[in-house]
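Peer 1: One structure, as C-alpha coordinates, below. Some questions next.
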Amino acid sequence: MCLGRWKCLSLITALLLLCPFRVEALVVLQYHHISDKTPKSTSTSTALFKAHLDFLQEQGFKVLSIEQLPKLLARSKNGGASLPDRAVIITFDDGYRSIYDNAWPLLKKRKLPFTVFVNSKPHDEKNPNYMNWDQLREMAKKGASVANHSDSHPHFLRKRSGESFAQWQQRRERDIDFAQQRIKKEMGRAPKMYAHTYGEYDQALLKLLERKGFIAFGQQSGPVSPDSDMQLLPRFPFGGAYGKDMQDFATKVFSLPFPRLKVVVKDSQGRSLLEPELPAGESKPRMELVSPVFQFAENLQCFASGQGAIKTSKNGSTMVTQAQGALPSGRSRYNCTLHAGGGRFYWYSHLFIRRLADGRWYNE
(Lines give C-alpha, C1' and ligand atoms only; values in the text may rest on other atoms or scores of the structure.)
Protein backbone atom coordinates (compact mmCIF):
# COMPACT_ATOMS: atom_id res chain seq x y z
CA MET A 1 0.00 0.00 0.00
CA CYS A 2 1.42 3.39 -0.99
CA LEU A 3 1.79 6.08 1.68
CA GLY A 4 0.69 9.29 0.01
CA ARG A 5 -0.04 10.27 -3.57
CA TRP A 6 3.47 11.30 -4.63
CA LYS A 7 5.09 8.20 -3.15
CA CYS A 8 2.62 6.15 -5.19
CA LEU A 9 3.55 8.03 -8.34
CA SER A 10 7.26 7.55 -7.63
CA LEU A 11 6.70 3.82 -7.11
CA ILE A 12 4.78 3.53 -10.38
CA THR A 13 7.56 5.32 -12.26
CA ALA A 14 10.25 3.10 -10.72
CA LEU A 15 8.33 -0.09 -11.48
CA LEU A 16 7.77 0.95 -15.09
CA LEU A 17 11.49 1.47 -15.55
CA LEU A 18 12.07 -2.10 -14.37
CA CYS A 19 9.28 -3.72 -16.39
CA PRO A 20 10.05 -5.52 -19.67
CA PHE A 21 7.77 -3.38 -21.83
CA ARG A 22 8.46 -0.11 -23.58
CA VAL A 23 6.28 2.97 -23.38
CA GLU A 24 6.42 4.69 -26.75
CA ALA A 25 4.42 7.63 -27.96
CA LEU A 26 3.98 9.96 -30.87
CA VAL A 27 1.25 12.59 -30.83
CA VAL A 28 -0.83 13.69 -33.82
CA LEU A 29 -2.48 17.12 -33.58
CA GLN A 30 -5.74 17.87 -35.39
CA TYR A 31 -6.99 21.34 -36.34
CA HIS A 32 -9.75 22.67 -38.59
CA HIS A 33 -9.92 26.48 -38.82
CA ILE A 34 -7.08 28.74 -37.70
CA SER A 35 -8.98 31.97 -37.26
CA ASP A 36 -10.80 34.25 -34.82
CA LYS A 37 -13.74 34.67 -37.20
CA THR A 38 -14.80 31.09 -38.00
CA PRO A 39 -17.13 28.79 -35.96
CA LYS A 40 -15.75 28.58 -32.43
CA SER A 41 -16.38 24.84 -32.04
CA THR A 42 -13.82 24.02 -34.74
CA SER A 43 -11.56 27.06 -34.57
CA THR A 44 -8.20 27.77 -32.99
CA SER A 45 -7.18 31.41 -32.90
CA THR A 46 -4.08 32.43 -34.83
CA ALA A 47 -2.46 33.63 -31.60
CA LEU A 48 -3.09 30.32 -29.84
CA PHE A 49 -1.84 28.31 -32.81
CA LYS A 50 1.35 30.39 -32.79
CA ALA A 51 1.69 29.69 -29.06
CA HIS A 52 1.38 25.96 -29.80
CA LEU A 53 4.20 26.14 -32.33
CA ASP A 54 6.35 28.23 -30.00
CA PHE A 55 5.84 25.70 -27.21
CA LEU A 56 6.88 22.80 -29.42
CA GLN A 57 10.04 24.64 -30.40
CA GLU A 58 10.88 25.72 -26.86
CA GLN A 59 10.38 22.20 -25.47
CA GLY A 60 12.54 20.57 -28.13
CA PHE A 61 9.79 18.67 -29.95
CA LYS A 62 10.39 17.25 -33.41
CA VAL A 63 7.66 17.98 -35.94
CA LEU A 64 7.55 15.01 -38.30
CA SER A 65 6.05 14.56 -41.74
CA ILE A 66 3.06 12.25 -41.70
CA GLU A 67 4.75 10.29 -44.46
CA GLN A 68 7.42 9.15 -42.00
CA LEU A 69 4.77 7.43 -39.90
CA PRO A 70 4.34 4.12 -41.79
CA LYS A 71 8.02 3.19 -41.46
CA LEU A 72 8.19 4.36 -37.84
CA LEU A 73 5.19 2.24 -36.87
CA ALA A 74 6.35 -0.78 -38.87
CA ARG A 75 9.74 -0.76 -37.14
CA SER A 76 8.20 -0.27 -33.72
CA LYS A 77 5.54 -2.97 -34.18
CA ASN A 78 8.28 -5.43 -35.16
CA GLY A 79 10.25 -4.73 -31.99
CA GLY A 80 12.78 -2.45 -33.67
CA ALA A 81 13.39 1.22 -33.00
CA SER A 82 11.04 2.92 -30.56
CA LEU A 83 8.69 5.67 -31.63
CA PRO A 84 10.44 9.00 -31.07
CA ASP A 85 9.57 10.78 -27.84
CA ARG A 86 8.71 14.49 -27.94
CA ALA A 87 7.53 14.12 -31.53
CA VAL A 88 4.33 15.42 -33.12
CA ILE A 89 2.58 15.41 -36.48
CA ILE A 90 0.44 18.43 -37.40
CA THR A 91 -2.77 17.84 -39.37
CA PHE A 92 -5.66 19.98 -40.60
CA ASP A 93 -9.03 18.58 -41.72
CA ASP A 94 -11.13 19.87 -44.63
CA GLY A 95 -8.69 22.34 -46.19
CA TYR A 96 -10.21 25.62 -45.08
CA ARG A 97 -8.91 28.92 -46.47
CA SER A 98 -7.85 30.05 -42.97
CA ILE A 99 -5.11 27.41 -43.02
CA TYR A 100 -3.53 29.13 -46.00
CA ASP A 101 -4.10 32.66 -44.69
CA ASN A 102 -3.14 32.20 -41.05
CA ALA A 103 -1.45 28.86 -40.34
CA TRP A 104 0.70 28.52 -43.46
CA PRO A 105 2.79 31.70 -42.87
CA LEU A 106 3.66 30.51 -39.36
CA LEU A 107 4.52 26.99 -40.51
CA LYS A 108 6.49 28.21 -43.53
CA LYS A 109 8.59 30.55 -41.39
CA ARG A 110 9.57 27.61 -39.17
CA LYS A 111 9.94 25.19 -42.11
CA LEU A 112 7.62 22.70 -40.43
CA PRO A 113 5.92 19.82 -42.29
CA PHE A 114 2.16 19.36 -41.94
CA THR A 115 -0.75 17.57 -43.60
CA VAL A 116 -4.05 18.85 -44.96
CA PHE A 117 -6.79 16.20 -45.24
CA VAL A 118 -9.05 17.50 -48.01
CA ASN A 119 -12.57 16.55 -48.98
CA SER A 120 -12.13 17.22 -52.67
CA LYS A 121 -15.63 18.42 -53.64
CA PRO A 122 -15.52 22.00 -52.24
CA HIS A 123 -12.03 22.47 -53.70
CA ASP A 124 -13.29 21.38 -57.13
CA GLU A 125 -16.30 23.68 -56.77
CA LYS A 126 -14.01 26.60 -55.85
CA ASN A 127 -15.83 27.26 -52.59
CA PRO A 128 -14.29 30.51 -51.25
CA ASN A 129 -14.18 29.11 -47.69
CA TYR A 130 -11.70 26.47 -48.83
CA MET A 131 -8.24 26.61 -50.36
CA ASN A 132 -7.96 26.17 -54.08
CA TRP A 133 -5.71 23.57 -55.69
CA ASP A 134 -3.07 26.18 -56.58
CA GLN A 135 -2.73 27.12 -52.92
CA LEU A 136 -2.47 23.47 -51.93
CA ARG A 137 0.24 22.94 -54.57
CA GLU A 138 2.12 25.98 -53.26
CA MET A 139 2.21 24.50 -49.77
CA ALA A 140 3.14 21.04 -51.05
CA LYS A 141 6.24 22.48 -52.73
CA LYS A 142 7.42 23.53 -49.25
CA GLY A 143 6.86 20.17 -47.57
CA ALA A 144 3.13 19.93 -46.89
CA SER A 145 1.26 16.69 -47.58
CA VAL A 146 -2.26 16.65 -49.04
CA ALA A 147 -4.27 13.55 -48.16
CA ASN A 148 -7.74 12.02 -48.36
CA HIS A 149 -10.75 13.13 -46.32
CA SER A 150 -13.33 11.71 -48.79
CA ASP A 151 -14.89 13.65 -51.67
CA SER A 152 -18.24 14.80 -50.26
CA HIS A 153 -17.53 14.57 -46.49
CA PRO A 154 -20.56 12.34 -45.78
CA HIS A 155 -21.65 10.56 -42.63
CA PHE A 156 -20.43 7.18 -43.82
CA LEU A 157 -22.33 5.35 -41.05
CA ARG A 158 -25.69 6.47 -42.40
CA LYS A 159 -27.13 3.89 -44.76
CA ARG A 160 -29.65 5.46 -47.12
CA SER A 161 -33.27 4.41 -47.36
CA GLY A 162 -33.66 1.53 -49.82
CA GLU A 163 -29.89 1.04 -50.07
CA SER A 164 -28.63 -2.54 -49.74
CA PHE A 165 -25.58 -3.31 -47.61
CA ALA A 166 -23.53 -3.94 -50.78
CA GLN A 167 -24.66 -0.63 -52.33
CA TRP A 168 -23.79 1.21 -49.12
CA GLN A 169 -20.27 -0.23 -49.09
CA GLN A 170 -19.79 0.53 -52.78
CA ARG A 171 -20.89 4.14 -52.24
CA ARG A 172 -18.37 4.58 -49.44
CA GLU A 173 -15.57 3.07 -51.50
CA ARG A 174 -16.40 5.19 -54.56
CA ASP A 175 -16.35 8.40 -52.52
CA ILE A 176 -12.91 7.62 -51.06
CA ASP A 177 -11.53 6.42 -54.39
CA PHE A 178 -12.74 9.52 -56.22
CA ALA A 179 -11.07 11.83 -53.72
CA GLN A 180 -7.83 9.86 -54.03
CA GLN A 181 -7.94 10.21 -57.81
CA ARG A 182 -8.61 13.95 -57.63
CA ILE A 183 -5.74 14.51 -55.18
CA LYS A 184 -3.35 12.54 -57.38
CA LYS A 185 -4.41 14.41 -60.50
CA GLU A 186 -4.12 17.87 -58.92
CA MET A 187 -1.08 17.28 -56.69
CA GLY A 188 0.84 14.73 -58.77
CA ARG A 189 0.81 12.25 -55.87
CA ALA A 190 -1.61 11.02 -53.22
CA PRO A 191 -0.28 9.35 -50.06
CA LYS A 192 -2.34 6.42 -48.75
CA MET A 193 -3.55 8.40 -45.74
CA TYR A 194 -7.18 8.95 -44.79
CA ALA A 195 -8.95 10.94 -42.06
CA HIS A 196 -12.38 9.66 -40.97
CA THR A 197 -15.12 12.23 -41.61
CA TYR A 198 -16.61 13.40 -38.30
CA GLY A 199 -14.28 10.86 -36.69
CA GLU A 200 -16.97 8.21 -37.33
CA TYR A 201 -16.28 4.65 -38.42
CA ASP A 202 -17.47 1.06 -38.26
CA GLN A 203 -15.63 -2.24 -38.64
CA ALA A 204 -16.58 -2.61 -42.31
CA LEU A 205 -15.08 0.79 -43.12
CA LEU A 206 -11.86 -0.05 -41.24
CA LYS A 207 -11.57 -3.30 -43.20
CA LEU A 208 -12.19 -1.46 -46.49
CA LEU A 209 -9.38 0.99 -45.71
CA GLU A 210 -7.05 -1.82 -44.69
CA ARG A 211 -7.79 -3.71 -47.92
CA LYS A 212 -7.00 -0.61 -49.95
CA GLY A 213 -3.74 0.00 -48.08
CA PHE A 214 -4.69 3.18 -46.21
CA ILE A 215 -3.42 4.32 -42.85
CA ALA A 216 -6.35 6.17 -41.28
CA PHE A 217 -6.90 8.66 -38.46
CA GLY A 218 -9.86 9.19 -36.15
CA GLN A 219 -10.81 12.05 -33.86
CA GLN A 220 -10.58 10.16 -30.57
CA SER A 221 -7.86 11.71 -28.44
CA GLY A 222 -4.64 10.09 -27.32
CA PRO A 223 -1.07 9.37 -28.43
CA VAL A 224 -0.15 6.88 -31.15
CA SER A 225 1.54 3.68 -29.96
CA PRO A 226 2.87 0.51 -31.65
CA ASP A 227 -0.39 -1.17 -30.56
CA SER A 228 -2.64 1.43 -32.23
CA ASP A 229 -5.05 0.27 -34.93
CA MET A 230 -3.49 1.38 -38.24
CA GLN A 231 -6.93 2.30 -39.61
CA LEU A 232 -7.95 4.19 -36.47
CA LEU A 233 -4.94 6.13 -35.23
CA PRO A 234 -5.80 8.66 -32.50
CA ARG A 235 -5.38 12.41 -32.79
CA PHE A 236 -5.82 15.22 -30.30
CA PRO A 237 -8.51 17.60 -31.66
CA PHE A 238 -8.06 21.32 -31.03
CA GLY A 239 -10.70 24.02 -31.40
CA GLY A 240 -13.48 25.37 -29.22
CA ALA A 241 -13.35 23.74 -25.79
CA TYR A 242 -10.48 21.49 -26.85
CA GLY A 243 -7.04 22.94 -26.13
CA LYS A 244 -8.18 26.40 -25.07
CA ASP A 245 -5.14 26.98 -22.83
CA MET A 246 -1.46 26.09 -22.92
CA GLN A 247 -1.59 23.78 -19.90
CA ASP A 248 -4.10 21.59 -21.73
CA PHE A 249 -1.90 21.59 -24.84
CA ALA A 250 1.21 20.68 -22.82
CA THR A 251 -0.57 17.79 -21.09
CA LYS A 252 -1.65 16.37 -24.45
CA VAL A 253 1.63 16.63 -26.35
CA PHE A 254 3.47 15.01 -23.41
CA SER A 255 0.89 12.20 -23.06
CA LEU A 256 1.81 8.50 -23.20
CA PRO A 257 -0.17 5.42 -24.27
CA PHE A 258 -1.10 2.81 -21.70
CA PRO A 259 1.42 -0.03 -22.13
CA ARG A 260 0.12 -3.18 -23.84
CA LEU A 261 -3.44 -1.91 -23.61
CA LYS A 262 -6.40 -4.17 -24.40
CA VAL A 263 -9.90 -2.70 -24.51
CA VAL A 264 -13.24 -4.52 -24.27
CA VAL A 265 -16.59 -2.70 -24.38
CA LYS A 266 -19.75 -4.46 -23.22
CA ASP A 267 -23.47 -3.73 -23.18
CA SER A 268 -25.90 -4.08 -20.25
CA GLN A 269 -26.14 -7.84 -20.89
CA GLY A 270 -22.38 -8.34 -20.85
CA ARG A 271 -22.12 -8.80 -24.62
CA SER A 272 -19.05 -7.40 -26.38
CA LEU A 273 -19.59 -4.32 -28.55
CA LEU A 274 -17.22 -3.98 -31.50
CA GLU A 275 -18.88 -0.97 -33.13
CA PRO A 276 -18.85 2.58 -31.76
CA GLU A 277 -22.57 2.92 -32.54
CA LEU A 278 -24.49 1.67 -29.51
CA PRO A 279 -27.42 -0.70 -30.12
CA ALA A 280 -30.94 0.61 -29.54
CA GLY A 281 -31.69 0.79 -25.83
CA GLU A 282 -28.03 0.88 -24.79
CA SER A 283 -26.80 4.15 -23.29
CA LYS A 284 -24.24 3.30 -20.57
CA PRO A 285 -21.56 1.06 -22.07
CA ARG A 286 -19.11 -0.70 -19.74
CA MET A 287 -15.46 -0.39 -20.73
CA GLU A 288 -12.70 -2.69 -19.51
CA LEU A 289 -9.08 -1.61 -19.87
CA VAL A 290 -6.32 -4.18 -19.37
CA SER A 291 -2.70 -3.06 -18.97
CA PRO A 292 0.15 -4.25 -16.73
CA VAL A 293 0.49 -0.69 -15.41
CA PHE A 294 -2.79 -1.06 -13.50
CA GLN A 295 -1.21 -3.55 -11.12
CA PHE A 296 0.72 -0.60 -9.62
CA ALA A 297 -1.88 2.15 -10.05
CA GLU A 298 -4.62 3.48 -7.79
CA ASN A 299 -5.47 6.81 -9.36
CA LEU A 300 -6.94 6.12 -12.80
CA GLN A 301 -9.47 8.78 -13.76
CA CYS A 302 -12.11 8.37 -16.45
CA PHE A 303 -14.51 10.96 -17.81
CA ALA A 304 -17.67 10.72 -19.92
CA SER A 305 -18.85 13.42 -22.31
CA GLY A 306 -21.11 15.84 -20.48
CA GLN A 307 -20.81 13.98 -17.14
CA GLY A 308 -17.32 14.72 -15.91
CA ALA A 309 -15.55 12.08 -13.82
CA ILE A 310 -17.13 8.60 -13.74
CA LYS A 311 -16.51 5.70 -11.39
CA THR A 312 -13.74 3.16 -11.95
CA SER A 313 -12.96 -0.14 -10.28
CA LYS A 314 -9.83 -2.29 -10.34
CA ASN A 315 -9.09 -6.01 -10.32
CA GLY A 316 -5.41 -6.78 -10.83
CA SER A 317 -4.37 -5.47 -14.24
CA THR A 318 -7.98 -4.72 -15.26
CA MET A 319 -9.74 -1.39 -14.75
CA VAL A 320 -13.47 -1.04 -15.40
CA THR A 321 -15.40 2.17 -15.97
CA GLN A 322 -19.00 3.03 -16.85
CA ALA A 323 -21.02 6.23 -17.08
CA GLN A 324 -23.55 6.75 -14.30
CA GLY A 325 -25.97 8.54 -16.60
CA ALA A 326 -27.07 7.86 -20.16
CA LEU A 327 -24.77 9.10 -22.90
CA PRO A 328 -26.49 11.73 -25.06
CA SER A 329 -27.49 11.25 -28.67
CA GLY A 330 -24.63 12.01 -31.04
CA ARG A 331 -20.94 11.37 -30.51
CA SER A 332 -19.58 10.86 -27.00
CA ARG A 333 -16.35 9.61 -25.50
CA TYR A 334 -14.88 7.97 -22.47
CA ASN A 335 -11.46 9.50 -21.74
CA CYS A 336 -9.18 7.77 -19.23
CA THR A 337 -5.92 9.11 -17.81
CA LEU A 338 -3.36 8.02 -15.24
CA HIS A 339 -0.29 9.75 -13.80
CA ALA A 340 2.83 8.30 -15.44
CA GLY A 341 5.37 10.27 -13.37
CA GLY A 342 7.44 13.25 -14.41
CA GLY A 343 4.32 15.35 -14.94
CA ARG A 344 3.11 13.07 -17.75
CA PHE A 345 -0.13 11.11 -18.14
CA TYR A 346 -1.16 7.89 -19.81
CA TRP A 347 -4.18 8.62 -22.02
CA TYR A 348 -6.87 6.62 -23.82
CA SER A 349 -10.13 7.74 -25.47
CA HIS A 350 -13.00 5.66 -26.87
CA LEU A 351 -15.76 6.87 -29.19
CA PHE A 352 -19.47 6.06 -28.74
CA ILE A 353 -22.32 7.01 -31.08
CA ARG A 354 -26.03 7.06 -30.20
CA ARG A 355 -28.97 7.71 -32.49
CA LEU A 356 -32.06 9.57 -31.31
CA ALA A 357 -34.56 7.63 -29.20
CA ASP A 358 -36.81 7.05 -32.22
CA GLY A 359 -33.95 5.56 -34.25
CA ARG A 360 -33.37 8.59 -36.47
CA TRP A 361 -29.93 10.12 -36.92
CA TYR A 362 -29.14 13.32 -35.08
CA ASN A 363 -28.62 16.57 -37.00
CA GLU A 364 -25.03 17.71 -37.42
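Going through the C-alpha coordinates in order, the chains are called A, B, and so on, while each chain numbers its residues from 1 and the ligands are numbered from 1 in the order shown.
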Determine, counting only C-alpha atoms, which protein, DNA and RNA residues have an atom within 6 Å of an atom of stretch 57-72 of chain A; residues of the same chain fewer than 6 positions away are not included. Present the result as a list of chain:residue names.
Peer 2: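 Once the adjacent positions are removed, what remains is A:Arg86, A:Ala87, A:Val88, A:Ile89, A:Pro113.
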Peer 1: Once you have the residues from the selection above, write them out as an mmCIF file, in the first residue's frame, restricted to all heavy atoms.
Peer 2:
```
data_model
loop_
_atom_site.group_PDB
_atom_site.id
_atom_site.type_symbol
_atom_site.label_atom_id
_atom_site.label_comp_id
_atom_site.auth_asym_id
_atom_site.auth_seq_id
_atom_site.Cartn_x
_atom_site.Cartn_y
_atom_site.Cartn_z
ATOM 1 N N ARG A 86 8.766 13.057 -27.618
ATOM 2 C CA ARG A 86 8.707 14.489 -27.943
ATOM 3 C C ARG A 86 8.655 14.690 -29.454
ATOM 4 O O ARG A 86 9.426 15.459 -30.036
ATOM 5 C CB ARG A 86 9.890 15.239 -27.340
ATOM 6 C CG ARG A 86 9.889 15.243 -25.822
ATOM 7 C CD ARG A 86 10.756 16.334 -25.259
ATOM 8 N NE ARG A 86 10.764 16.298 -23.801
ATOM 9 C CZ ARG A 86 11.040 17.331 -23.022
ATOM 10 N NH1 ARG A 86 11.313 18.498 -23.559
ATOM 11 N NH2 ARG A 86 11.040 17.202 -21.719
ATOM 12 N N ALA A 87 7.720 14.009 -30.084
ATOM 13 C CA ALA A 87 7.529 14.123 -31.532
ATOM 14 C C ALA A 87 6.046 14.288 -31.819
ATOM 15 O O ALA A 87 5.204 13.625 -31.204
ATOM 16 C CB ALA A 87 8.083 12.897 -32.243
ATOM 17 N N VAL A 88 5.715 15.179 -32.746
ATOM 18 C CA VAL A 88 4.325 15.418 -33.121
ATOM 19 C C VAL A 88 4.194 15.468 -34.638
ATOM 20 O O VAL A 88 5.164 15.713 -35.368
ATOM 21 C CB VAL A 88 3.768 16.737 -32.521
ATOM 22 C CG1 VAL A 88 3.836 16.738 -31.007
ATOM 23 C CG2 VAL A 88 4.484 17.937 -33.102
ATOM 24 N N ILE A 89 2.971 15.223 -35.092
ATOM 25 C CA ILE A 89 2.579 15.408 -36.484
ATOM 26 C C ILE A 89 1.418 16.390 -36.486
ATOM 27 O O ILE A 89 0.475 16.250 -35.692
ATOM 28 C CB ILE A 89 2.176 14.068 -37.128
ATOM 29 C CG1 ILE A 89 3.397 13.154 -37.263
ATOM 30 C CG2 ILE A 89 1.508 14.288 -38.485
ATOM 31 C CD1 ILE A 89 3.056 11.733 -37.670
ATOM 32 N N PRO A 113 6.822 20.623 -41.453
ATOM 33 C CA PRO A 113 5.916 19.823 -42.293
ATOM 34 C C PRO A 113 4.536 19.726 -41.649
ATOM 35 O O PRO A 113 4.400 19.808 -40.420
ATOM 36 C CB PRO A 113 6.603 18.457 -42.333
ATOM 37 C CG PRO A 113 7.336 18.381 -41.034
ATOM 38 C CD PRO A 113 7.794 19.792 -40.739
#
```
Peer 1: Please list as a list in words every residue within 12 Å of A:Ser228, counting only C-alpha atoms and excluding residues in the same chain fewer than 6 positions away.
Peer 2: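 Surrounding residues, per the criterion: Glu24, Ala25, Leu26, Val27, Leu73, Ala74, Ser76, Lys77, Ile215, Ala216, Phe217, Gly218, Gln220, Gly222, Pro234, Arg235, Pro257, Phe258, Pro259, Arg260, Leu261, Lys262, Val263, Tyr348 and Ser349 of chain A.
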Peer 1: Let's see if you can do this: from backbone DSSP, list all strand (DSSP E) residues in stretch 41-204 of chain A, as an MDAnalysis selection string.
Peer 2: chainID A and resid 43:44 62:63 87:94 115:118 145:148 193:195
Peer 1: If DSSP is run on the backbone, what residues of stretch 219-364 of chain A are helix (DSSP H, G or I)? A reply as number ranges by chain would be ideal.
Peer 2: A: 246-253, 292-296
Peer 1: Give me, as a list of chain:residue names, all polymer residues having an atom no more than 9 Å from stretch 177-185 of chain A, counting only C-alpha atoms and skipping those fewer than 3 positions away in the same chain.
Peer 2: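 Contacts, in chain order: A:Val118, A:Asn119, A:Ser120, A:Lys121, A:Asp124, A:Val146, A:Ala147, A:Asn148, A:His149, A:Ser150, A:Asp151, A:Ser152, A:Arg172, A:Glu173, A:Arg174, A:Gly188, A:Arg189, A:Ala190, A:Pro191, A:Lys192.
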Peer 1: Please report the interatomic distance between atom CA of A:Glu298 and atom CA of A:Asp245 in Å with one decimal.
Peer 2: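 Separation of atom CA of A:Glu298 and atom CA of A:Asp245: 27.9 Å.
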Peer 1: Can you pull out every residue within 7 Å of stretch 305-310 of chain A, counting only C-alpha atoms, but drop anything in the same chain fewer than 3 positions away, and send it as a list in words?
Peer 2: Gln301, Cys302, Gln322, Ala323, Gln324, Ser332, Arg333 and Tyr334 of chain A
Peer 1: Can you pull out every residue within 9 Å of stretch 32-43 of chain A, counting only C-alpha atoms, but drop anything in the same chain fewer than 5 positions away, and send it as number ranges by chain?
Peer 2: A: 48-49, 91-99, 101-103, 237-242
Peer 1: Skipping near chain neighbours, those fewer than 4 positions away, what residues fall within 12 Å of A:Gln203 using only C-alpha atoms, listed as a ChimeraX atom specification?
Peer 2: /A:156-157,169,207-210,229,231-232,273-277
Peer 1: Could you give me, as a ChimeraX atom specification, the residues within 10 Å of A:Arg158, counting only C-alpha atoms and dropping anything in the same chain fewer than 5 positions from it?
Peer 2: /A:168,360-361
Peer 1: Which value, in Å to one decimal, gives the distance between atom CA of A:Pro328 and atom CA of A:Asp358?
Peer 2: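 Interatomic distance here is 13.4 Å.
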Peer 1: Record the distance separating atom CA of A:Arg331 and atom CA of A:Ile353, expressed in Å with one decimal.
Peer 2: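 Going from atom CA of A:Arg331 over to atom CA of A:Ile353 covers 4.6 Å.
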Peer 1: Just checking: using only C-alpha atoms, which residue out of A:Gly343, A:Glu364, A:Asn127, A:Asp85 ends up closest to A:Pro154?
Peer 2: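 Among A:Gly343, A:Glu364, A:Asn127, A:Asp85, it is A:Glu364 that comes nearest to A:Pro154.
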